[in-house]
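Structure file input31.txt (compact mmCIF, C-alpha atoms) is printed below.
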# COMPACT_ATOMS: atom_id res chain seq x y z
CA MET A 1 0.00 0.00 0.00
CA VAL A 2 2.79 2.37 0.94
CA THR A 3 4.55 1.55 -2.33
CA LEU A 4 1.43 2.38 -4.34
CA VAL A 5 1.08 5.73 -2.57
CA LEU A 6 4.70 6.56 -3.30
CA VAL A 7 4.27 5.67 -6.98
CA LEU A 8 1.16 7.88 -7.22
CA LEU A 9 2.98 10.76 -5.53
CA PHE A 10 5.92 10.37 -7.93
CA ILE A 11 3.66 10.38 -10.98
CA THR A 12 1.76 13.41 -9.68
CA GLY A 13 5.01 15.25 -9.07
CA MET A 14 6.32 14.52 -12.56
CA VAL A 15 3.05 15.77 -14.11
CA LEU A 16 3.25 18.99 -12.12
CA LEU A 17 6.92 19.42 -13.05
CA ALA A 18 6.16 18.92 -16.76
CA MET A 19 3.52 21.63 -16.58
CA TYR A 20 6.21 24.13 -15.66
CA TYR A 21 9.13 22.67 -17.65
CA PRO A 22 7.73 21.10 -20.82
CA TYR A 23 10.13 19.42 -23.23
CA TYR A 24 10.36 20.46 -26.88
CA PRO A 25 12.67 18.65 -29.25
CA GLU A 26 15.10 20.07 -31.82
CA GLY A 27 16.29 22.93 -29.61
CA LEU A 28 13.10 25.01 -29.84
CA PRO A 29 12.53 27.61 -27.07
CA VAL A 30 10.39 26.47 -24.15
CA ASP A 31 7.34 28.30 -25.53
CA VAL A 32 4.35 26.70 -27.25
CA ARG A 33 3.92 29.90 -29.27
CA VAL A 34 7.05 29.23 -31.36
CA LEU A 35 6.08 28.09 -34.86
CA TYR A 36 9.52 27.96 -36.49
CA SER A 37 13.08 29.01 -35.70
CA PHE A 38 16.48 28.95 -37.40
CA SER A 39 19.95 30.51 -37.21
CA ALA A 40 20.65 33.14 -39.89
CA GLY A 41 24.37 34.01 -39.67
CA THR A 42 25.68 37.12 -41.47
CA VAL A 43 22.94 39.41 -42.76
CA GLY A 44 23.31 42.65 -44.71
CA SER A 45 26.40 44.15 -46.32
CA THR A 46 29.19 41.68 -46.96
CA GLU A 47 31.60 43.66 -49.20
CA ASN A 48 32.41 47.31 -49.84
CA TYR A 49 34.51 49.38 -52.22
CA VAL A 50 35.64 52.98 -52.79
CA SER A 51 33.06 54.77 -54.92
CA ARG A 52 34.63 58.24 -54.78
CA VAL A 53 37.97 59.84 -53.91
CA GLN A 54 38.00 63.57 -53.18
CA ASN A 55 41.45 65.14 -53.11
CA PHE A 56 41.80 68.27 -50.95
CA GLY A 57 45.53 68.68 -51.47
CA SER A 58 47.59 70.43 -48.80
CA PHE A 59 46.55 73.23 -46.45
CA GLY A 60 47.23 74.87 -43.12
CA VAL A 61 44.91 74.97 -40.12
CA GLY A 62 45.09 77.82 -37.61
CA VAL A 63 46.47 80.18 -40.28
CA PRO A 64 44.79 82.64 -42.70
CA GLN A 65 42.76 80.92 -45.42
CA ASP A 66 41.79 81.82 -48.99
CA GLU A 67 38.42 81.00 -50.57
CA GLU A 68 38.20 81.56 -54.32
CA LEU A 69 34.77 83.03 -55.02
CA LYS A 70 35.01 83.87 -58.73
CA ALA A 71 37.46 83.13 -61.51
CA VAL A 72 37.30 84.45 -65.07
CA PRO A 73 40.08 83.25 -67.41
CA MET A 74 39.90 86.25 -69.75
CA MET A 75 37.82 89.40 -70.33
CA GLU A 76 38.10 92.32 -72.75
CA ILE A 77 36.92 95.71 -71.53
CA SER A 78 36.42 98.58 -73.96
CA ALA A 79 34.65 101.92 -74.35
CA GLY A 80 34.29 104.11 -77.45
CA LEU A 81 31.96 106.16 -79.56
CA PHE A 82 30.57 103.14 -81.36
CA GLY A 83 30.14 100.80 -78.40
CA SER A 84 31.55 99.43 -75.18
CA ALA A 85 32.13 96.13 -73.40
CA SER A 86 32.00 95.64 -69.65
CA GLU A 87 31.52 92.75 -67.20
CA LYS A 88 29.28 92.45 -64.16
CA TYR A 89 29.18 89.54 -61.70
CA THR A 90 27.25 88.66 -58.55
CA ILE A 91 29.57 87.23 -55.89
CA SER A 92 28.04 85.15 -53.09
CA ILE A 93 30.01 84.55 -49.89
CA PRO A 94 29.40 81.25 -48.01
CA GLU A 95 28.10 81.63 -44.48
CA HIS A 96 31.12 79.88 -42.96
CA VAL A 97 33.45 82.36 -44.68
CA ILE A 98 31.40 85.35 -43.52
CA GLU A 99 31.64 84.03 -39.95
CA TRP A 100 35.46 83.97 -40.05
CA LEU A 101 35.99 86.80 -42.58
CA LYS A 102 39.23 88.79 -42.47
CA GLY A 103 38.97 90.65 -45.79
CA GLY A 104 39.27 90.00 -49.50
CA GLU A 105 41.04 90.86 -52.73
CA MET A 106 40.66 90.95 -56.49
CA THR A 107 43.64 89.89 -58.57
CA PHE A 108 44.19 89.96 -62.33
CA THR A 109 46.82 90.49 -65.00
CA ILE A 110 46.71 93.19 -67.68
CA ASP A 111 48.26 91.62 -70.78
CA GLU A 112 47.13 94.21 -73.36
CA ALA A 113 46.02 97.84 -72.97
CA ASN A 114 46.10 101.11 -74.95
CA GLN A 115 45.41 103.25 -71.84
CA TYR A 116 43.29 105.76 -73.76
CA GLY A 117 40.90 105.94 -70.80
CA ASP A 118 40.62 104.70 -67.24
CA LEU A 119 39.87 101.13 -66.24
CA LYS A 120 37.19 101.18 -63.51
CA ILE A 121 36.16 98.54 -60.97
CA THR A 122 33.25 99.01 -58.58
CA TRP A 123 32.32 96.74 -55.68
CA ASN A 124 28.72 97.05 -54.45
CA GLY A 125 28.56 100.39 -56.23
CA GLU A 126 31.71 101.73 -54.55
CA GLU A 127 34.63 102.55 -56.82
CA VAL A 128 37.60 100.51 -55.60
CA PHE A 129 39.88 101.01 -58.62
CA LYS A 130 40.22 103.71 -61.27
CA GLY A 131 43.29 104.31 -63.34
CA ARG A 132 45.32 103.45 -66.39
CA PRO A 133 47.30 100.41 -65.26
CA GLU A 134 50.48 99.22 -66.89
CA LEU A 135 50.83 95.65 -68.15
CA GLY A 136 51.32 93.10 -65.41
CA SER A 137 49.72 91.91 -62.17
CA GLN A 138 47.21 93.94 -60.18
CA ASN A 139 45.88 93.45 -56.66
CA ILE A 140 42.92 95.30 -55.14
CA LYS A 141 42.30 94.88 -51.41
CA LEU A 142 38.84 94.70 -49.86
CA GLN A 143 38.11 95.43 -46.20
CA PRO A 144 35.78 93.17 -44.17
CA ASP A 145 33.13 95.90 -43.85
CA GLN A 146 32.96 96.15 -47.67
CA ILE A 147 31.99 92.50 -48.06
CA LYS A 148 28.42 91.23 -47.72
CA SER A 149 26.86 87.80 -48.16
CA GLU A 150 25.98 88.86 -51.73
CA ASN A 151 28.05 91.37 -53.70
CA VAL A 152 28.16 92.89 -57.18
CA VAL A 153 31.42 93.64 -58.97
CA GLU A 154 31.50 95.56 -62.25
CA ILE A 155 34.50 96.10 -64.55
CA SER A 156 34.25 98.84 -67.15
CA ALA A 157 36.28 101.58 -68.87
CA ASP A 158 35.99 105.29 -69.59
CA GLY A 159 35.98 106.50 -73.17
CA PRO A 160 39.12 107.86 -74.88
CA GLY A 161 38.21 111.54 -74.38
CA LEU A 162 39.36 113.79 -77.22
CA MET A 163 40.40 110.71 -79.20
CA PHE A 164 36.73 110.23 -80.14
CA TRP A 165 37.57 108.12 -83.16
CA ALA A 166 39.36 105.47 -81.03
CA ALA A 167 38.27 103.15 -78.18
CA THR A 168 39.76 102.46 -74.79
CA PHE A 169 40.81 98.81 -74.52
CA TYR A 170 42.05 96.54 -71.69
CA ARG A 171 42.44 92.76 -71.75
CA LEU A 172 42.43 91.10 -68.32
CA ARG A 173 43.48 87.52 -67.65
CA ASN A 174 42.98 85.30 -64.58
CA PHE A 175 40.57 87.66 -62.88
CA LYS A 176 39.84 86.29 -59.39
CA VAL A 177 37.83 87.36 -56.36
CA ILE A 178 39.22 85.83 -53.16
CA ALA A 179 37.88 85.98 -49.61
CA LYS A 180 40.34 85.95 -46.72
CA TYR A 181 39.13 84.11 -43.64
CA GLY A 182 40.44 81.99 -40.81
CA PRO A 183 41.97 80.54 -38.83
CA ALA A 184 39.49 77.68 -39.45
CA LYS A 185 39.64 75.74 -42.73
CA PHE A 186 36.47 74.61 -44.51
CA LEU A 187 36.19 72.01 -47.28
CA ASP A 188 33.07 70.77 -49.04
CA PHE A 189 32.56 67.18 -50.18
CA ASP A 190 29.85 65.57 -52.30
CA VAL A 191 27.70 62.51 -51.60
CA SER A 192 25.17 61.21 -54.14
CA GLN A 193 21.79 59.77 -53.18
CA ASP A 194 22.90 56.34 -54.45
CA GLU A 195 26.04 56.49 -52.31
CA LEU A 196 24.04 57.53 -49.27
CA GLU A 197 21.63 54.60 -49.64
CA SER A 198 24.48 52.05 -49.74
CA LEU A 199 27.00 53.97 -47.61
CA ASP A 200 29.49 51.94 -45.60
CA ARG A 201 31.91 54.59 -44.27
CA PHE A 202 34.15 57.59 -45.02
CA GLU A 203 37.90 57.59 -44.51
CA LEU A 204 39.66 60.95 -44.17
CA LYS A 205 43.43 60.55 -44.64
CA TRP A 206 46.35 62.98 -44.51
CA TYR A 207 50.01 63.46 -43.56
CA THR A 208 50.83 65.90 -40.76
CA THR A 209 54.05 67.78 -41.52
CA SER A 210 53.89 70.34 -38.70
CA ARG A 211 51.77 70.53 -35.58
CA SER A 212 51.24 72.46 -32.37
CA GLY A 213 48.17 72.54 -30.15
CA GLU A 214 45.01 70.50 -30.69
CA LEU A 215 43.36 69.76 -34.03
CA VAL A 216 39.55 69.53 -34.12
CA ILE A 217 37.64 68.21 -37.15
CA LYS A 218 33.88 68.41 -37.61
CA VAL A 219 31.51 67.20 -40.33
CA ASN A 220 28.30 69.21 -40.73
CA GLY A 221 28.90 70.59 -37.23
CA GLU A 222 29.48 67.20 -35.55
CA GLN A 223 32.93 66.42 -34.15
CA ILE A 224 34.70 63.38 -35.60
CA TYR A 225 38.23 63.99 -34.26
CA SER A 226 40.18 65.99 -31.70
CA GLY A 227 43.77 65.55 -30.61
CA SER A 228 47.36 65.87 -31.69
CA PRO A 229 47.58 63.89 -34.95
CA GLU A 230 50.37 61.49 -35.82
CA ARG A 231 52.33 61.93 -39.03
CA GLN A 232 50.07 59.55 -40.98
CA MET A 233 46.40 59.75 -40.00
CA THR A 234 43.12 58.06 -40.93
CA VAL A 235 39.83 59.16 -39.38
CA THR A 236 36.77 57.00 -40.09
CA PHE A 237 33.19 58.20 -39.77
CA THR A 238 29.75 57.16 -41.03
CA ASP A 239 26.17 58.40 -40.91
CA ASN A 240 25.03 55.74 -38.42
CA SER A 241 27.75 54.71 -35.97
CA PRO A 242 29.16 55.92 -32.63
CA ALA A 243 31.37 58.31 -34.67
CA SER A 244 28.26 59.34 -36.59
CA VAL A 245 27.16 62.52 -38.31
CA LEU A 246 24.19 63.47 -40.42
CA ILE A 247 25.26 63.14 -44.06
CA ASN A 248 23.17 64.89 -46.70
CA PRO A 249 22.79 64.07 -50.38
CA GLY A 250 24.73 66.78 -52.21
CA LYS A 251 27.14 69.12 -50.40
CA ASN A 252 28.56 68.37 -46.96
CA ARG A 253 31.19 70.34 -45.03
CA LEU A 254 34.42 69.48 -43.26
CA ALA A 255 35.66 72.06 -40.74
CA PHE A 256 39.23 72.03 -39.39
CA THR A 257 40.18 74.23 -36.42
CA ALA A 258 43.32 74.50 -34.32
CA ILE A 259 43.24 75.20 -30.60
CA ASN A 260 46.31 77.03 -29.27
CA GLY A 261 48.43 76.24 -32.30
CA SER A 262 48.52 75.45 -36.00
CA PHE A 263 48.92 72.46 -38.33
CA GLN A 264 50.09 71.77 -41.85
CA LEU A 265 48.25 68.87 -43.49
CA GLU A 266 49.47 67.33 -46.76
CA ASP A 267 47.79 65.12 -49.37
CA ALA A 268 44.39 65.12 -47.68
CA LEU A 269 41.98 62.58 -49.23
CA LEU A 270 38.40 61.62 -48.46
CA ASN A 271 37.44 58.10 -49.59
CA THR A 272 33.76 57.16 -49.77
CA TYR A 273 33.07 53.43 -49.27
CA VAL A 274 29.76 51.88 -50.31
CA SER A 275 28.39 48.36 -49.97
CA LYS A 276 28.98 46.13 -52.96
CA SER A 277 26.60 43.31 -52.11
CA GLN A 278 23.88 42.40 -49.67
CA ARG A 279 23.20 39.01 -48.07
CA ALA A 280 19.60 38.17 -47.31
CA VAL A 281 18.55 34.93 -45.61
CA LYS A 282 15.37 33.24 -46.86
CA GLU A 283 13.84 30.22 -45.12
CA ARG A 284 10.85 28.03 -45.87
CA PHE A 285 8.53 26.81 -43.10
CA SER A 286 5.18 25.02 -42.96
CA LEU A 287 2.01 25.81 -41.02
CA ASN A 288 -0.95 23.58 -40.39
CA GLU A 289 -4.57 24.72 -40.33
CA SER A 290 -4.64 25.09 -36.55
CA GLN A 291 -1.54 27.30 -36.54
CA VAL A 292 -2.92 29.50 -39.32
CA ASN A 293 -6.19 29.91 -37.41
CA SER A 294 -4.26 30.89 -34.29
CA LEU A 295 -2.26 33.47 -36.27
CA ASN A 296 -5.45 34.91 -37.74
CA SER A 297 -6.96 35.34 -34.28
CA LYS A 298 -3.89 36.43 -32.31
CA GLY A 299 -1.47 37.82 -34.89
CA GLY A 300 2.21 36.91 -35.12
CA LYS A 301 5.65 38.21 -34.37
CA VAL A 302 9.19 37.57 -35.53
CA ARG A 303 11.98 37.82 -32.98
CA ILE A 304 15.60 38.12 -34.18
CA TYR A 305 18.60 37.79 -31.90
CA VAL A 306 21.58 39.92 -33.05
CA ASN A 307 24.90 38.67 -31.69
CA SER A 308 26.84 41.71 -32.91
CA VAL A 309 26.50 44.76 -35.17
CA GLY A 310 29.35 45.03 -37.68
CA ARG A 311 27.92 48.18 -39.24
CA ALA A 312 24.84 49.97 -37.93
CA GLY A 313 21.68 49.97 -40.01
CA ASP A 314 18.18 48.51 -40.22
CA LEU A 315 17.00 44.92 -40.07
CA LEU A 316 14.21 44.17 -42.57
CA VAL A 317 11.83 41.23 -42.46
CA SER A 318 9.23 39.96 -44.93
CA ILE A 319 6.71 37.13 -44.74
CA ASN A 320 5.71 35.58 -48.06
CA GLU A 321 7.41 38.49 -49.88
CA ARG A 322 5.42 41.12 -47.99
CA SER A 323 7.36 43.44 -45.67
CA ILE A 324 6.44 43.40 -42.00
CA GLY A 325 8.72 46.35 -41.17
CA SER A 326 12.23 47.36 -40.19
CA VAL A 327 14.04 48.33 -36.98
CA ALA A 328 17.38 49.96 -36.20
CA ALA A 329 19.15 46.76 -35.18
CA ARG A 330 20.75 46.44 -31.76
CA ASN A 331 22.48 43.65 -29.89
CA GLY A 332 19.99 41.23 -28.37
CA TRP A 333 16.39 40.59 -29.35
CA ASN A 334 14.70 42.68 -32.07
CA THR A 335 10.94 42.18 -32.50
CA PHE A 336 8.59 42.58 -35.49
CA ALA A 337 4.80 42.19 -35.40
CA PHE A 338 2.83 40.90 -38.39
CA SER A 339 -0.75 40.23 -39.33
CA GLY A 340 -1.90 36.63 -39.30
CA SER A 341 -3.49 37.20 -42.71
CA LEU A 342 0.03 37.04 -44.24
CA ALA A 343 0.37 33.37 -43.28
CA GLU A 344 -0.86 30.50 -45.43
CA ARG A 345 -1.61 26.87 -44.76
CA GLY A 346 1.29 24.77 -46.02
CA THR A 347 4.48 26.41 -47.30
CA ASN A 348 5.48 29.92 -46.14
CA TRP A 349 8.65 31.98 -46.57
CA ILE A 350 10.46 34.36 -44.23
CA GLU A 351 13.27 36.63 -45.45
CA VAL A 352 15.68 38.62 -43.26
CA SER A 353 17.90 41.33 -44.77
CA GLY A 354 19.61 44.51 -43.63
CA THR A 355 21.07 47.86 -44.60
CA GLY A 356 23.96 47.37 -42.17
CA LYS A 357 25.99 44.30 -41.34
CA PHE A 358 24.85 41.92 -38.58
CA ASP A 359 25.80 38.58 -37.06
CA VAL A 360 22.35 37.09 -36.48
CA GLY A 361 21.74 34.13 -34.20
CA GLU A 362 18.21 32.82 -33.77
CA VAL A 363 15.23 33.93 -35.87
CA SER A 364 11.93 32.86 -34.32
CA VAL A 365 8.44 32.99 -35.88
CA GLU A 366 5.86 33.03 -33.10
CA LEU A 367 2.24 33.62 -32.16
CA ALA A 368 1.68 37.04 -30.64
CA GLY A 369 0.54 37.40 -27.06
Could you show the structure in this file as structure tokens?
Amino acid sequence: MVTLVLVLLFITGMVLLAMYYPYYPEGLPVDVRVLYSFSAGTVGSTENYVSRVQNFGSFGVGVPQDEELKAVPMMEISAGLFGSASEKYTISIPEHVIEWLKGGEMTFTIDEANQYGDLKITWNGEEVFKGRPELGSQNIKLQPDQIKSENVVEISADGPGLMFWAATFYRLRNFKVIAKYGPAKFLDFDVSQDELESLDRFELKWYTTSRSGELVIKVNGEQIYSGSPERQMTVTFTDNSPASVLINPGKNRLAFTAINGSFQLEDALLNTYVSKSQRAVKERFSLNESQVNSLNSKGGKVRIYVNSVGRAGDLLVSINERSIGSVAARNGWNTFAFSGSLAERGTNWIEVSGTGKFDVGEVSVELAG
């Protein structure tokens, strides 16, 4: 009798234990809601290459800077009884130059002139040059208070006076308008929409030939580097990583400043890397009628465990070739909800892809709730 009681107690205990710790074969999670699971491996970008190299040459930081605003290879200016020729240009000054403006200048070379009348140059209506220059180089200085965000420069000539039958003539070469600013250095770089959509990273490289103080580099106002650079330097940044900045299609700006010193940087290059290929994982799984009915009544979810993020981006999931959404992937579990109406009795497909690069462990298709 005692033996029978012990056997009954043992069986009862095992039943109660199984209620709390059920067994599921094939390594499935201890959850009756799991419909299918698998391990995905690498998802997203698998290769990358340089799509663009932008060469900035050599420049100083913490020293006066030049920004070329207008360049005209050649112009002929004349004035006479039977006609005249003059030039007029609108000169826009970038906001970053206005902020650090020290002054400006116009430079050109006179390579032919008869000097019958005066050559005249006005800047925003103010006469900044009038005379009969000799052949050779000319330089006209502009003060900071003469320069606005938008300016008009006009080059013309006076007539020949008593020599009414002739015409004043000047030929100018390499006419340039230059803004002087500093001590910061600004450089613009381009990014296309296609590059932005498949962007992997940027690499800014240079050689430091002289240094003192601290060098600070920003992209679109966000700091990507500060310190005392080594002779050979590479700074990596992206639009979606810890060293991240907002990158725009079109123009973007690099800003270099020196704190308590100056730097000379040589052979500065910006390499743009984009993804060459994408790896998506597609798996087939089957559902019976009962499971489909449960999905229709409760809905479903997909849970994805990310072991590590090689490059930040979004995870994307589709069921039977219909997207159920995307999330900015993070280490650990990432969850997607989907409507039960996407599921079908019999064969179904799940696809996992990404705009970044991820080491994905388990992917689990489950009932919601």
Nearest to Ser262 in chain A by atom-to-atom distance, counting all atoms listed in the file, from A:Thr42, A:Ser341, A:Thr234, A:Ser212: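 Checking each of A:Thr42, A:Ser341, A:Thr234, A:Ser212 against Ser262 in chain A, counting all atoms listed in the file, the winner is A:Ser212.
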Between CA of Asn252 in chain A and CA of Asp190 in chain A - distance in Å to one decimal: 6.2 Å
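Residue nearest Leu367 in chain A within the list A:Ala312, A:Leu295, A:Val235, A:Val191: A:Leu295 [criterion: smallest interatomic distance, only C-alpha atoms].
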Expected answer as a ChimeraX atom specification: all residues with atoms within 9 Å of (13.4, 44.6, -44.0), all atoms listed in the file: /A:314-318,323-327,351-355
Contacts of Pro249 in chain A within 7 Å, only C-alpha atoms, excl. fewer than 3 positions in-chain, as a list in words: Val191, Ser192, Gln193 and Leu196 of chain A
10 Å contact set for Arg173 in chain A, all atoms listed in the file, chain neighbours under 5 positions out, as a VMD selection string: chain A and resid 71 to 76 107 to 112 136 to 137
Excluding same-chain residues fewer than 4 positions from Ser228 in chain A, what lies within 10 Å of it counting all atoms listed in the file, as a short mmCIF file (atom, residue, chain, number, x, y, z; two decimals) with C-alpha atoms, in the coordinates of the input?
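Writing done, so here's part_31.cif:
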data_model
loop_
_atom_site.label_atom_id
_atom_site.label_comp_id
_atom_site.auth_asym_id
_atom_site.auth_seq_id
_atom_site.Cartn_x
_atom_site.Cartn_y
_atom_site.Cartn_z
CA THR A 208 50.83 65.90 -40.76
CA ARG A 211 51.77 70.53 -35.58
CA SER A 212 51.24 72.46 -32.37
CA GLY A 213 48.17 72.54 -30.15
CA GLU A 214 45.01 70.50 -30.69
CA LEU A 215 43.36 69.76 -34.03
CA VAL A 216 39.55 69.53 -34.12
CA ALA A 258 43.32 74.50 -34.32
CA PHE A 263 48.92 72.46 -38.33
#
Atom pair CA of Gln65 in chain A / CA of Asn248 in chain A: separation (Å):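 Atom-to-atom, CA of Gln65 in chain A and CA of Asn248 in chain A are spaced 25.3 Å apart.
Candidate residues A:Gln291, A:Asn331, A:Asn348, A:Ser86 were compared for distance to Ala368 in chain A, and the nearest is A:Gln291, using all atoms listed in the file.
Interatomic distance, CA of Tyr207 in chain A to CA of Thr272 in chain A: 18.5 Å.
Counting all atoms listed in the file, the residue from A:Arg303, A:Arg52, A:Lys102, A:Lys298 that sits nearest to Leu142 in chain A is A:Lys102.
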For Lys130 in chain A, the nearest of the candidates A:Ile178, A:Ile155, A:Leu254, A:Leu162, counting all atoms listed in the file: A:Ile155
